[in-house]
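File shown here: protein_25.cif, holding mmCIF, N, CA and C atoms.
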```cif
data_target
#
loop_
_atom_site.label_atom_id
_atom_site.label_comp_id
_atom_site.auth_asym_id
_atom_site.auth_seq_id
_atom_site.Cartn_x
_atom_site.Cartn_y
_atom_site.Cartn_z
N MET T 1 0.85 -1.17 0.00
CA MET T 1 0.00 0.00 0.00
C MET T 1 0.89 1.24 0.00
N LYS T 2 0.56 2.18 -0.83
CA LYS T 2 1.25 3.46 -0.86
C LYS T 2 0.32 4.49 -0.24
N ILE T 3 0.79 5.21 0.76
CA ILE T 3 -0.02 6.24 1.40
C ILE T 3 0.52 7.59 0.96
N ILE T 4 -0.27 8.29 0.16
CA ILE T 4 0.09 9.61 -0.34
C ILE T 4 -0.78 10.62 0.40
N CYS T 5 -0.17 11.64 0.96
CA CYS T 5 -0.90 12.60 1.78
C CYS T 5 -0.78 14.01 1.21
N ILE T 6 -1.83 14.78 1.40
CA ILE T 6 -1.84 16.17 0.98
C ILE T 6 -1.89 17.01 2.25
N GLY T 7 -0.90 17.88 2.42
CA GLY T 7 -0.83 18.72 3.61
C GLY T 7 -1.31 20.13 3.33
N ARG T 8 -1.66 20.80 4.40
CA ARG T 8 -2.13 22.19 4.37
C ARG T 8 -3.27 22.40 3.38
N ASN T 9 -4.26 21.55 3.47
CA ASN T 9 -5.42 21.67 2.60
C ASN T 9 -6.68 22.03 3.38
N TYR T 10 -6.55 22.41 4.63
CA TYR T 10 -7.68 22.77 5.48
C TYR T 10 -7.36 24.10 6.15
N VAL T 11 -8.06 25.15 5.75
CA VAL T 11 -7.71 26.52 6.15
C VAL T 11 -7.71 26.72 7.66
N ASP T 12 -8.69 26.17 8.38
CA ASP T 12 -8.71 26.37 9.84
C ASP T 12 -7.48 25.77 10.50
N HIS T 13 -7.02 24.63 10.00
CA HIS T 13 -5.82 23.99 10.56
C HIS T 13 -4.57 24.78 10.19
N ILE T 14 -4.54 25.33 8.99
CA ILE T 14 -3.42 26.18 8.57
C ILE T 14 -3.31 27.37 9.52
N ASP T 15 -4.45 28.01 9.80
CA ASP T 15 -4.46 29.16 10.72
C ASP T 15 -4.04 28.76 12.13
N GLU T 16 -4.55 27.60 12.59
CA GLU T 16 -4.23 27.13 13.95
C GLU T 16 -2.72 26.96 14.13
N LEU T 17 -2.06 26.45 13.11
CA LEU T 17 -0.62 26.20 13.19
C LEU T 17 0.21 27.40 12.73
N LYS T 18 -0.48 28.49 12.36
CA LYS T 18 0.19 29.72 11.90
C LYS T 18 1.09 29.46 10.70
N ASN T 19 0.59 28.63 9.77
CA ASN T 19 1.31 28.34 8.54
C ASN T 19 0.79 29.24 7.42
N ASP T 20 1.54 29.33 6.36
CA ASP T 20 1.09 30.04 5.17
C ASP T 20 0.29 29.08 4.29
N ILE T 21 -0.68 29.62 3.58
CA ILE T 21 -1.43 28.81 2.62
C ILE T 21 -0.53 28.60 1.41
N PRO T 22 -0.25 27.35 1.06
CA PRO T 22 0.66 27.09 -0.07
C PRO T 22 -0.01 27.38 -1.41
N LYS T 23 0.82 27.77 -2.38
CA LYS T 23 0.32 27.97 -3.74
C LYS T 23 0.05 26.63 -4.41
N ASN T 24 0.85 25.63 -4.07
CA ASN T 24 0.69 24.27 -4.61
C ASN T 24 0.52 23.30 -3.45
N PRO T 25 -0.12 22.17 -3.70
CA PRO T 25 -0.32 21.20 -2.62
C PRO T 25 1.02 20.73 -2.04
N ILE T 26 1.02 20.51 -0.73
CA ILE T 26 2.18 19.91 -0.07
C ILE T 26 1.91 18.41 -0.03
N ILE T 27 2.74 17.66 -0.71
CA ILE T 27 2.54 16.22 -0.81
C ILE T 27 3.64 15.52 -0.01
N PHE T 28 3.23 14.56 0.80
CA PHE T 28 4.21 13.75 1.52
C PHE T 28 3.70 12.31 1.54
N PHE T 29 4.57 11.41 1.88
CA PHE T 29 4.25 9.98 1.85
C PHE T 29 4.42 9.39 3.24
N LYS T 30 3.67 8.36 3.50
CA LYS T 30 3.85 7.57 4.72
C LYS T 30 4.23 6.16 4.28
N PRO T 31 5.36 5.65 4.76
CA PRO T 31 5.75 4.29 4.38
C PRO T 31 4.79 3.27 4.99
N SER T 32 4.86 2.05 4.51
CA SER T 32 3.91 1.01 4.94
C SER T 32 3.98 0.72 6.45
N ILE T 33 5.10 1.00 7.12
CA ILE T 33 5.18 0.78 8.57
C ILE T 33 4.24 1.70 9.33
N CYS T 34 3.76 2.74 8.67
CA CYS T 34 2.86 3.70 9.32
C CYS T 34 1.45 3.17 9.49
N LYS T 35 1.06 2.21 8.68
CA LYS T 35 -0.32 1.71 8.74
C LYS T 35 -0.55 1.01 10.07
N LEU T 36 -1.52 1.51 10.80
CA LEU T 36 -1.86 0.95 12.11
C LEU T 36 -2.40 -0.46 11.94
N GLU T 37 -1.76 -1.41 12.57
CA GLU T 37 -2.21 -2.80 12.55
C GLU T 37 -2.90 -3.06 13.88
N GLY T 38 -4.08 -3.60 13.84
CA GLY T 38 -4.85 -3.79 15.06
C GLY T 38 -5.69 -2.55 15.34
N SER T 39 -6.20 -2.44 16.54
CA SER T 39 -7.13 -1.36 16.83
C SER T 39 -6.62 -0.35 17.84
N ASP T 40 -5.47 -0.58 18.44
CA ASP T 40 -5.00 0.32 19.49
C ASP T 40 -3.80 1.13 19.03
N PHE T 41 -3.91 2.44 19.15
CA PHE T 41 -2.78 3.32 18.89
C PHE T 41 -2.05 3.55 20.20
N LYS T 42 -0.75 3.37 20.18
CA LYS T 42 0.06 3.60 21.37
C LYS T 42 0.91 4.85 21.15
N ILE T 43 0.84 5.76 22.10
CA ILE T 43 1.61 6.99 21.99
C ILE T 43 3.09 6.64 22.06
N PRO T 44 3.87 7.06 21.05
CA PRO T 44 5.30 6.72 21.06
C PRO T 44 6.04 7.46 22.18
N ASP T 45 7.10 6.83 22.68
CA ASP T 45 7.83 7.42 23.80
C ASP T 45 8.78 8.55 23.40
N PHE T 46 8.97 8.79 22.11
CA PHE T 46 9.90 9.83 21.68
C PHE T 46 9.23 11.20 21.52
N SER T 47 7.93 11.28 21.79
CA SER T 47 7.22 12.55 21.63
C SER T 47 6.34 12.81 22.84
N SER T 48 6.21 14.08 23.19
CA SER T 48 5.32 14.46 24.28
C SER T 48 4.11 15.24 23.78
N ASP T 49 3.94 15.29 22.45
CA ASP T 49 2.86 16.10 21.88
C ASP T 49 2.34 15.46 20.59
N ILE T 50 1.53 14.43 20.73
CA ILE T 50 0.96 13.75 19.56
C ILE T 50 -0.40 14.38 19.23
N HIS T 51 -0.55 14.78 17.99
CA HIS T 51 -1.82 15.33 17.50
C HIS T 51 -2.42 14.35 16.50
N HIS T 52 -3.71 14.50 16.24
CA HIS T 52 -4.36 13.66 15.23
C HIS T 52 -5.24 14.52 14.34
N GLU T 53 -5.43 14.07 13.14
CA GLU T 53 -6.32 14.72 12.18
C GLU T 53 -7.14 13.62 11.52
N ILE T 54 -8.43 13.85 11.41
CA ILE T 54 -9.31 12.93 10.71
C ILE T 54 -9.22 13.25 9.22
N GLU T 55 -9.06 12.23 8.41
CA GLU T 55 -8.85 12.42 6.98
C GLU T 55 -9.87 11.64 6.16
N ILE T 56 -10.21 12.18 5.01
CA ILE T 56 -10.96 11.41 4.01
C ILE T 56 -9.92 10.68 3.18
N ILE T 57 -10.11 9.37 3.01
CA ILE T 57 -9.15 8.60 2.21
C ILE T 57 -9.83 8.07 0.95
N TYR T 58 -9.06 7.97 -0.09
CA TYR T 58 -9.54 7.44 -1.36
C TYR T 58 -8.67 6.27 -1.75
N LYS T 59 -9.28 5.21 -2.21
CA LYS T 59 -8.53 4.08 -2.75
C LYS T 59 -8.43 4.29 -4.25
N ILE T 60 -7.20 4.41 -4.71
CA ILE T 60 -6.94 4.59 -6.14
C ILE T 60 -6.72 3.20 -6.72
N SER T 61 -7.51 2.85 -7.72
CA SER T 61 -7.51 1.48 -8.22
C SER T 61 -6.82 1.30 -9.56
N LYS T 62 -6.41 2.38 -10.19
CA LYS T 62 -5.75 2.27 -11.50
C LYS T 62 -4.51 3.16 -11.51
N SER T 63 -3.53 2.75 -12.29
CA SER T 63 -2.34 3.58 -12.47
C SER T 63 -2.63 4.61 -13.55
N GLY T 64 -1.94 5.72 -13.46
CA GLY T 64 -2.10 6.73 -14.49
C GLY T 64 -1.21 7.93 -14.24
N LYS T 65 -1.02 8.71 -15.25
CA LYS T 65 -0.24 9.94 -15.16
C LYS T 65 -0.93 11.00 -16.00
N ASN T 66 -0.80 12.24 -15.57
CA ASN T 66 -1.38 13.37 -16.31
C ASN T 66 -2.86 13.13 -16.62
N ILE T 67 -3.59 12.69 -15.63
CA ILE T 67 -5.01 12.36 -15.80
C ILE T 67 -5.82 13.66 -15.79
N PRO T 68 -6.67 13.86 -16.78
CA PRO T 68 -7.52 15.06 -16.76
C PRO T 68 -8.44 15.04 -15.54
N ILE T 69 -8.66 16.19 -14.95
CA ILE T 69 -9.53 16.28 -13.77
C ILE T 69 -10.88 15.63 -14.07
N SER T 70 -11.39 15.84 -15.27
CA SER T 70 -12.71 15.30 -15.61
C SER T 70 -12.75 13.77 -15.60
N ASP T 71 -11.60 13.11 -15.69
CA ASP T 71 -11.54 11.65 -15.71
C ASP T 71 -11.02 11.07 -14.39
N SER T 72 -10.56 11.92 -13.48
CA SER T 72 -9.89 11.44 -12.27
C SER T 72 -10.80 10.59 -11.37
N ILE T 73 -12.07 10.89 -11.34
CA ILE T 73 -12.98 10.13 -10.48
C ILE T 73 -13.06 8.66 -10.88
N ASN T 74 -12.75 8.37 -12.13
CA ASN T 74 -12.79 6.99 -12.61
C ASN T 74 -11.63 6.14 -12.09
N TYR T 75 -10.69 6.75 -11.40
CA TYR T 75 -9.55 6.04 -10.83
C TYR T 75 -9.78 5.67 -9.37
N ILE T 76 -10.85 6.17 -8.79
CA ILE T 76 -11.15 5.94 -7.38
C ILE T 76 -12.13 4.78 -7.26
N SER T 77 -11.77 3.78 -6.43
CA SER T 77 -12.66 2.63 -6.27
C SER T 77 -13.25 2.53 -4.87
N GLY T 78 -12.83 3.42 -3.97
CA GLY T 78 -13.37 3.36 -2.62
C GLY T 78 -13.08 4.64 -1.87
N ILE T 79 -13.88 4.88 -0.84
CA ILE T 79 -13.72 6.07 0.00
C ILE T 79 -13.87 5.64 1.45
N GLY T 80 -13.14 6.28 2.35
CA GLY T 80 -13.24 5.92 3.76
C GLY T 80 -12.65 7.01 4.64
N LEU T 81 -12.43 6.68 5.88
CA LEU T 81 -11.85 7.62 6.84
C LEU T 81 -10.52 7.09 7.34
N GLY T 82 -9.69 8.01 7.73
CA GLY T 82 -8.40 7.66 8.30
C GLY T 82 -8.04 8.64 9.40
N ILE T 83 -7.02 8.32 10.15
CA ILE T 83 -6.48 9.23 11.17
C ILE T 83 -4.99 9.37 10.91
N ASP T 84 -4.55 10.60 10.80
CA ASP T 84 -3.13 10.92 10.61
C ASP T 84 -2.59 11.41 11.95
N PHE T 85 -1.66 10.65 12.53
CA PHE T 85 -1.05 11.05 13.79
C PHE T 85 0.26 11.78 13.51
N THR T 86 0.51 12.85 14.27
CA THR T 86 1.71 13.67 14.08
C THR T 86 2.38 13.93 15.41
N ALA T 87 3.70 13.76 15.45
CA ALA T 87 4.49 14.16 16.62
C ALA T 87 4.76 15.66 16.44
N ARG T 88 3.83 16.48 16.93
CA ARG T 88 3.88 17.91 16.66
C ARG T 88 5.13 18.57 17.24
N ASP T 89 5.61 18.12 18.38
CA ASP T 89 6.83 18.70 18.95
C ASP T 89 8.03 18.45 18.04
N ILE T 90 8.12 17.26 17.48
CA ILE T 90 9.21 16.93 16.56
C ILE T 90 9.06 17.74 15.27
N GLN T 91 7.85 17.80 14.76
CA GLN T 91 7.59 18.55 13.54
C GLN T 91 7.99 20.02 13.70
N SER T 92 7.61 20.62 14.81
CA SER T 92 7.91 22.05 15.05
C SER T 92 9.42 22.30 15.07
N LYS T 93 10.16 21.43 15.74
CA LYS T 93 11.62 21.60 15.81
C LYS T 93 12.26 21.55 14.42
N PHE T 94 11.81 20.61 13.59
CA PHE T 94 12.37 20.48 12.25
C PHE T 94 11.96 21.65 11.36
N LYS T 95 10.69 22.06 11.47
CA LYS T 95 10.20 23.18 10.65
C LYS T 95 10.94 24.47 10.99
N GLU T 96 11.22 24.70 12.28
CA GLU T 96 11.94 25.91 12.70
C GLU T 96 13.31 26.01 12.04
N LYS T 97 13.93 24.87 11.80
CA LYS T 97 15.26 24.83 11.18
C LYS T 97 15.20 24.73 9.67
N GLY T 98 13.98 24.69 9.10
CA GLY T 98 13.81 24.56 7.66
C GLY T 98 14.14 23.16 7.14
N LEU T 99 14.09 22.17 8.03
CA LEU T 99 14.42 20.80 7.66
C LEU T 99 13.15 20.00 7.33
N PRO T 100 13.29 18.92 6.59
CA PRO T 100 12.13 18.06 6.34
C PRO T 100 11.57 17.52 7.66
N TRP T 101 10.26 17.48 7.76
CA TRP T 101 9.61 17.04 8.99
C TRP T 101 8.92 15.70 8.84
N SER T 102 9.30 14.94 7.84
CA SER T 102 8.62 13.65 7.58
C SER T 102 8.73 12.69 8.76
N ILE T 103 9.79 12.75 9.53
CA ILE T 103 9.93 11.84 10.67
C ILE T 103 8.79 12.03 11.68
N SER T 104 8.24 13.24 11.75
CA SER T 104 7.15 13.51 12.69
C SER T 104 5.83 12.90 12.24
N LYS T 105 5.75 12.47 10.99
CA LYS T 105 4.54 11.89 10.43
C LYS T 105 4.70 10.42 10.09
N SER T 106 5.93 9.92 10.07
CA SER T 106 6.21 8.60 9.50
C SER T 106 6.68 7.57 10.51
N PHE T 107 6.14 7.62 11.70
CA PHE T 107 6.53 6.62 12.69
C PHE T 107 5.55 5.44 12.66
N ASP T 108 5.95 4.33 13.28
CA ASP T 108 5.12 3.12 13.29
C ASP T 108 3.70 3.43 13.74
N ASN T 109 2.74 2.92 13.00
CA ASN T 109 1.31 3.02 13.33
C ASN T 109 0.76 4.44 13.34
N SER T 110 1.36 5.36 12.60
CA SER T 110 0.90 6.75 12.60
C SER T 110 -0.21 7.02 11.59
N ALA T 111 -0.71 5.98 10.94
CA ALA T 111 -1.82 6.15 9.99
C ALA T 111 -2.86 5.06 10.22
N ALA T 112 -3.99 5.46 10.78
CA ALA T 112 -5.11 4.53 10.93
C ALA T 112 -5.94 4.64 9.65
N VAL T 113 -6.11 3.52 8.97
CA VAL T 113 -6.79 3.53 7.68
C VAL T 113 -7.95 2.55 7.72
N ALA T 114 -9.17 3.07 7.56
CA ALA T 114 -10.35 2.20 7.50
C ALA T 114 -10.38 1.52 6.13
N THR T 115 -11.07 0.42 6.05
CA THR T 115 -11.24 -0.25 4.76
C THR T 115 -12.11 0.62 3.88
N PRO T 116 -11.57 1.07 2.74
CA PRO T 116 -12.39 1.91 1.86
C PRO T 116 -13.61 1.16 1.35
N ARG T 117 -14.72 1.84 1.27
CA ARG T 117 -15.98 1.28 0.80
C ARG T 117 -16.23 1.69 -0.63
N ALA T 118 -16.81 0.79 -1.40
CA ALA T 118 -17.20 1.12 -2.77
C ALA T 118 -18.29 2.19 -2.71
N TYR T 119 -18.45 2.93 -3.75
CA TYR T 119 -19.42 4.00 -3.80
C TYR T 119 -19.93 4.15 -5.23
N LEU T 120 -21.00 4.87 -5.37
CA LEU T 120 -21.50 5.22 -6.69
C LEU T 120 -20.93 6.58 -7.05
N VAL T 121 -20.46 6.73 -8.27
CA VAL T 121 -19.88 8.00 -8.71
C VAL T 121 -20.87 9.14 -8.46
N SER T 122 -22.14 8.91 -8.72
CA SER T 122 -23.14 9.96 -8.51
C SER T 122 -23.21 10.39 -7.04
N SER T 123 -22.99 9.44 -6.12
CA SER T 123 -22.99 9.77 -4.70
C SER T 123 -21.79 10.64 -4.34
N LEU T 124 -20.63 10.30 -4.87
CA LEU T 124 -19.42 11.06 -4.58
C LEU T 124 -19.51 12.47 -5.14
N LEU T 125 -20.09 12.60 -6.32
CA LEU T 125 -20.21 13.92 -6.95
C LEU T 125 -21.18 14.83 -6.20
N SER T 126 -22.08 14.25 -5.40
CA SER T 126 -23.06 15.07 -4.71
C SER T 126 -22.59 15.55 -3.35
N ILE T 127 -21.38 15.17 -2.90
CA ILE T 127 -20.85 15.62 -1.62
C ILE T 127 -20.52 17.10 -1.73
N SER T 128 -20.94 17.85 -0.71
CA SER T 128 -20.59 19.28 -0.69
C SER T 128 -20.07 19.63 0.70
N PHE T 129 -19.29 20.66 0.76
CA PHE T 129 -18.70 21.11 2.03
C PHE T 129 -19.07 22.55 2.26
#
```

Can the structure in the file be given as structure tokens, please?
Amino acid sequence: MKIICIGRNYVDHIDELKNDIPKNPIIFFKPSICKLEGSDFKIPDFSSDIHHEIEIIYKISKSGKNIPISDSINYISGIGLGIDFTARDIQSKFKEKGLPWSISKSFDNSAAVATPRAYLVSSLLSISF
């Protein structure tokens, strides 16, 4: 499983963390060790400030590149919920120094991923926020 994440895509969270709104999406990856196995998340001992974010997850079922937006929905075979855990204290230290902060997001069991459910395209298109 490849876990591809989009960061800074929720304005209230951007404001809460006093970040700038990016011109382009911030993309990062979580390696397979991040997928939570079992049902219990254990707070890691290397951090004193673990945060969580509830995420909408999409199961991408086909490979592709340079896919037109109008065709992108045809690559999704499921939708579900996930939880992204972050060692915020570690992330802040790395960000202050201008260093990559992936270690704060990529620790064991830092991604709880529900089994994506099949959906009807018409149902997905009718979601509004």

> So what does the PyMOL selection byres ((chain T and resi 4) around 5) actually pick up in this one, as a VMD selection string?
Replying inline: chain T and resid 2 to 3 5 to 6 28 to 29

> What does the PyMOL selection byres ((chain T and resi 116) around 8) select in this file, as a PyMOL selection string?
Replying inline: chain T and resi 57-59+77-81+113-115+117-119

> Which residue gives the smallest distance to Ile50 of chain T among T:Ala87, T:Asp12, T:Asp108, T:Ile103, with only N, CA and C atoms counted?
Replying inline: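 Of T:Ala87, T:Asp12, T:Asp108, T:Ile103, the one nearest Ile50 of chain T is T:Ala87, counting only N, CA and C atoms.
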
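If you look at atom CA of Arg8 of chain T and atom CA of Asp40 of chain T, they are 26.7 Å away from each other.
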
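For the pair atom CA of Lys30 of chain T and atom CA of Lys105 of chain T, the separation is 7.2 Å.
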
> Hey, can you pull every residue with an atom no more than 6 Å from (-9.8, 10.6, 7.7), using only C-alpha atoms, and send it as a list in words?
Replying inline: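 Nearby residues: Ile54, Glu55, Ile56, Ile57, Leu81, Gly82 and Ile83 of chain T.
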
> Using only C-alpha atoms, which of T:Asn9, T:Ser48, T:Ser106, T:Ser92 sits nearest Asn24 of chain T?
Replying inline: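 Using only C-alpha atoms, Asn24 of chain T sits closest to T:Asn9.
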
>> Evaluate the PyMOL selection byres (((chain T and resi 37 and name CA) around 12) and name CA) against this structure - the residues, as a list in words, please.
In response: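 Evaluating the PyMOL selection byres (((chain T and resi 37 and name CA) around 12) and name CA) on these coordinates yields Ser32, Ile33, Cys34, Lys35, Leu36, Gly38, Ser39, Asp40, Phe41, Lys42, Asp108, Asn109, Ser110, Ala111, Ala112, Val113 and Ala114 of chain T.
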
> Please, what distance in Å, to one decimal, runs between atom CA of Gln91 of chain T and atom CA of His51 of chain T?
Replying inline: 10.7 Å

>> Quick check for you: according to DSSP on this backbone, which residues of chain T are classed as alpha helix (DSSP H)? Reply as a list in words.
In response: Val11, Asp12, His13, Ile14, Asp15, Glu16, Ile69, Ser70, Asp71, Ser72, Arg88, Asp89, Ile90, Gln91, Ser92, Lys93, Phe94, Lys95, Glu96, Val121, Ser122, Ser123, Leu124 and Leu125 of chain T

> Smallest atom-to-atom distance to Ile60 of chain T: which of T:Phe107, T:Ser47, T:Met1, T:Pro100, using only C-alpha atoms?
Replying inline: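 Among the listed residues, the smallest separation from Ile60 of chain T belongs to T:Met1.
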
Using DSSP on the backbone coordinates, identify all residues within chain T classified as strand (DSSP E); present the result as an mmCIF file with N, CA and C atoms, in the coordinates of the input.
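What ended up in part-v1.cif:
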```
data_model
loop_
_atom_site.group_PDB
_atom_site.id
_atom_site.type_symbol
_atom_site.label_atom_id
_atom_site.label_comp_id
_atom_site.auth_asym_id
_atom_site.auth_seq_id
_atom_site.Cartn_x
_atom_site.Cartn_y
_atom_site.Cartn_z
ATOM 1 N N ILE T 3 0.790 5.210 0.760
ATOM 2 C CA ILE T 3 -0.020 6.240 1.400
ATOM 3 C C ILE T 3 0.520 7.590 0.960
ATOM 4 N N ILE T 4 -0.270 8.290 0.160
ATOM 5 C CA ILE T 4 0.090 9.610 -0.340
ATOM 6 C C ILE T 4 -0.780 10.620 0.400
ATOM 7 N N CYS T 5 -0.170 11.640 0.960
ATOM 8 C CA CYS T 5 -0.900 12.600 1.780
ATOM 9 C C CYS T 5 -0.780 14.010 1.210
ATOM 10 N N ILE T 6 -1.830 14.780 1.400
ATOM 11 C CA ILE T 6 -1.840 16.170 0.980
ATOM 12 C C ILE T 6 -1.890 17.010 2.250
ATOM 13 N N GLY T 7 -0.900 17.880 2.420
ATOM 14 C CA GLY T 7 -0.830 18.720 3.610
ATOM 15 C C GLY T 7 -1.310 20.130 3.330
ATOM 16 N N ILE T 26 1.020 20.510 -0.730
ATOM 17 C CA ILE T 26 2.180 19.910 -0.070
ATOM 18 C C ILE T 26 1.910 18.410 -0.030
ATOM 19 N N ILE T 27 2.740 17.660 -0.710
ATOM 20 C CA ILE T 27 2.540 16.220 -0.810
ATOM 21 C C ILE T 27 3.640 15.520 -0.010
ATOM 22 N N PHE T 28 3.230 14.560 0.800
ATOM 23 C CA PHE T 28 4.210 13.750 1.520
ATOM 24 C C PHE T 28 3.700 12.310 1.540
ATOM 25 N N PHE T 29 4.570 11.410 1.880
ATOM 26 C CA PHE T 29 4.250 9.980 1.850
ATOM 27 C C PHE T 29 4.420 9.390 3.240
ATOM 28 N N LYS T 30 3.670 8.360 3.500
ATOM 29 C CA LYS T 30 3.850 7.570 4.720
ATOM 30 C C LYS T 30 4.230 6.160 4.280
ATOM 31 N N ILE T 50 1.530 14.430 20.730
ATOM 32 C CA ILE T 50 0.960 13.750 19.560
ATOM 33 C C ILE T 50 -0.400 14.380 19.230
ATOM 34 N N HIS T 51 -0.550 14.780 17.990
ATOM 35 C CA HIS T 51 -1.820 15.330 17.500
ATOM 36 C C HIS T 51 -2.420 14.350 16.500
ATOM 37 N N HIS T 52 -3.710 14.500 16.240
ATOM 38 C CA HIS T 52 -4.360 13.660 15.230
ATOM 39 C C HIS T 52 -5.240 14.520 14.340
ATOM 40 N N GLU T 53 -5.430 14.070 13.140
ATOM 41 C CA GLU T 53 -6.320 14.720 12.180
ATOM 42 C C GLU T 53 -7.140 13.620 11.520
ATOM 43 N N ILE T 54 -8.430 13.850 11.410
ATOM 44 C CA ILE T 54 -9.310 12.930 10.710
ATOM 45 C C ILE T 54 -9.220 13.250 9.220
ATOM 46 N N GLU T 55 -9.060 12.230 8.410
ATOM 47 C CA GLU T 55 -8.850 12.420 6.980
ATOM 48 C C GLU T 55 -9.870 11.640 6.160
ATOM 49 N N ILE T 56 -10.210 12.180 5.010
ATOM 50 C CA ILE T 56 -10.960 11.410 4.010
ATOM 51 C C ILE T 56 -9.920 10.680 3.180
ATOM 52 N N ILE T 57 -10.110 9.370 3.010
ATOM 53 C CA ILE T 57 -9.150 8.600 2.210
ATOM 54 C C ILE T 57 -9.830 8.070 0.950
ATOM 55 N N TYR T 58 -9.060 7.970 -0.090
ATOM 56 C CA TYR T 58 -9.540 7.440 -1.360
ATOM 57 C C TYR T 58 -8.670 6.270 -1.750
ATOM 58 N N LYS T 59 -9.280 5.210 -2.210
ATOM 59 C CA LYS T 59 -8.530 4.080 -2.750
ATOM 60 C C LYS T 59 -8.430 4.290 -4.250
ATOM 61 N N ILE T 60 -7.200 4.410 -4.710
ATOM 62 C CA ILE T 60 -6.940 4.590 -6.140
ATOM 63 C C ILE T 60 -6.720 3.200 -6.720
ATOM 64 N N ILE T 76 -10.850 6.170 -8.790
ATOM 65 C CA ILE T 76 -11.150 5.940 -7.380
ATOM 66 C C ILE T 76 -12.130 4.780 -7.260
ATOM 67 N N SER T 77 -11.770 3.780 -6.430
ATOM 68 C CA SER T 77 -12.660 2.630 -6.270
ATOM 69 C C SER T 77 -13.250 2.530 -4.870
ATOM 70 N N GLY T 78 -12.830 3.420 -3.970
ATOM 71 C CA GLY T 78 -13.370 3.360 -2.620
ATOM 72 C C GLY T 78 -13.080 4.640 -1.870
ATOM 73 N N ILE T 79 -13.880 4.880 -0.840
ATOM 74 C CA ILE T 79 -13.720 6.070 0.000
ATOM 75 C C ILE T 79 -13.870 5.640 1.450
ATOM 76 N N GLY T 80 -13.140 6.280 2.350
ATOM 77 C CA GLY T 80 -13.240 5.920 3.760
ATOM 78 C C GLY T 80 -12.650 7.010 4.640
ATOM 79 N N LEU T 81 -12.430 6.680 5.880
ATOM 80 C CA LEU T 81 -11.850 7.620 6.840
ATOM 81 C C LEU T 81 -10.520 7.090 7.340
ATOM 82 N N GLY T 82 -9.690 8.010 7.730
ATOM 83 C CA GLY T 82 -8.400 7.660 8.300
ATOM 84 C C GLY T 82 -8.040 8.640 9.400
ATOM 85 N N ILE T 83 -7.020 8.320 10.150
ATOM 86 C CA ILE T 83 -6.480 9.230 11.170
ATOM 87 C C ILE T 83 -4.990 9.370 10.910
ATOM 88 N N ASP T 84 -4.550 10.600 10.800
ATOM 89 C CA ASP T 84 -3.130 10.920 10.610
ATOM 90 C C ASP T 84 -2.590 11.410 11.950
ATOM 91 N N PHE T 85 -1.660 10.650 12.530
ATOM 92 C CA PHE T 85 -1.050 11.050 13.790
ATOM 93 C C PHE T 85 0.260 11.780 13.510
ATOM 94 N N THR T 86 0.510 12.850 14.270
ATOM 95 C CA THR T 86 1.710 13.670 14.080
ATOM 96 C C THR T 86 2.380 13.930 15.410
ATOM 97 N N ALA T 87 3.700 13.760 15.450
ATOM 98 C CA ALA T 87 4.490 14.160 16.620
ATOM 99 C C ALA T 87 4.760 15.660 16.440
ATOM 100 N N ALA T 111 -0.710 5.980 10.940
ATOM 101 C CA ALA T 111 -1.820 6.150 9.990
ATOM 102 C C ALA T 111 -2.860 5.060 10.220
ATOM 103 N N ALA T 112 -3.990 5.460 10.780
ATOM 104 C CA ALA T 112 -5.110 4.530 10.930
ATOM 105 C C ALA T 112 -5.940 4.640 9.650
ATOM 106 N N VAL T 113 -6.110 3.520 8.970
ATOM 107 C CA VAL T 113 -6.790 3.530 7.680
ATOM 108 C C VAL T 113 -7.950 2.550 7.720
#
```

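Among the candidates T:Tyr75, T:Ile27, T:Glu16, T:Lys93, the residue lying nearest to Lys62 of chain T is T:Tyr75 (atoms considered: only N, CA and C atoms).
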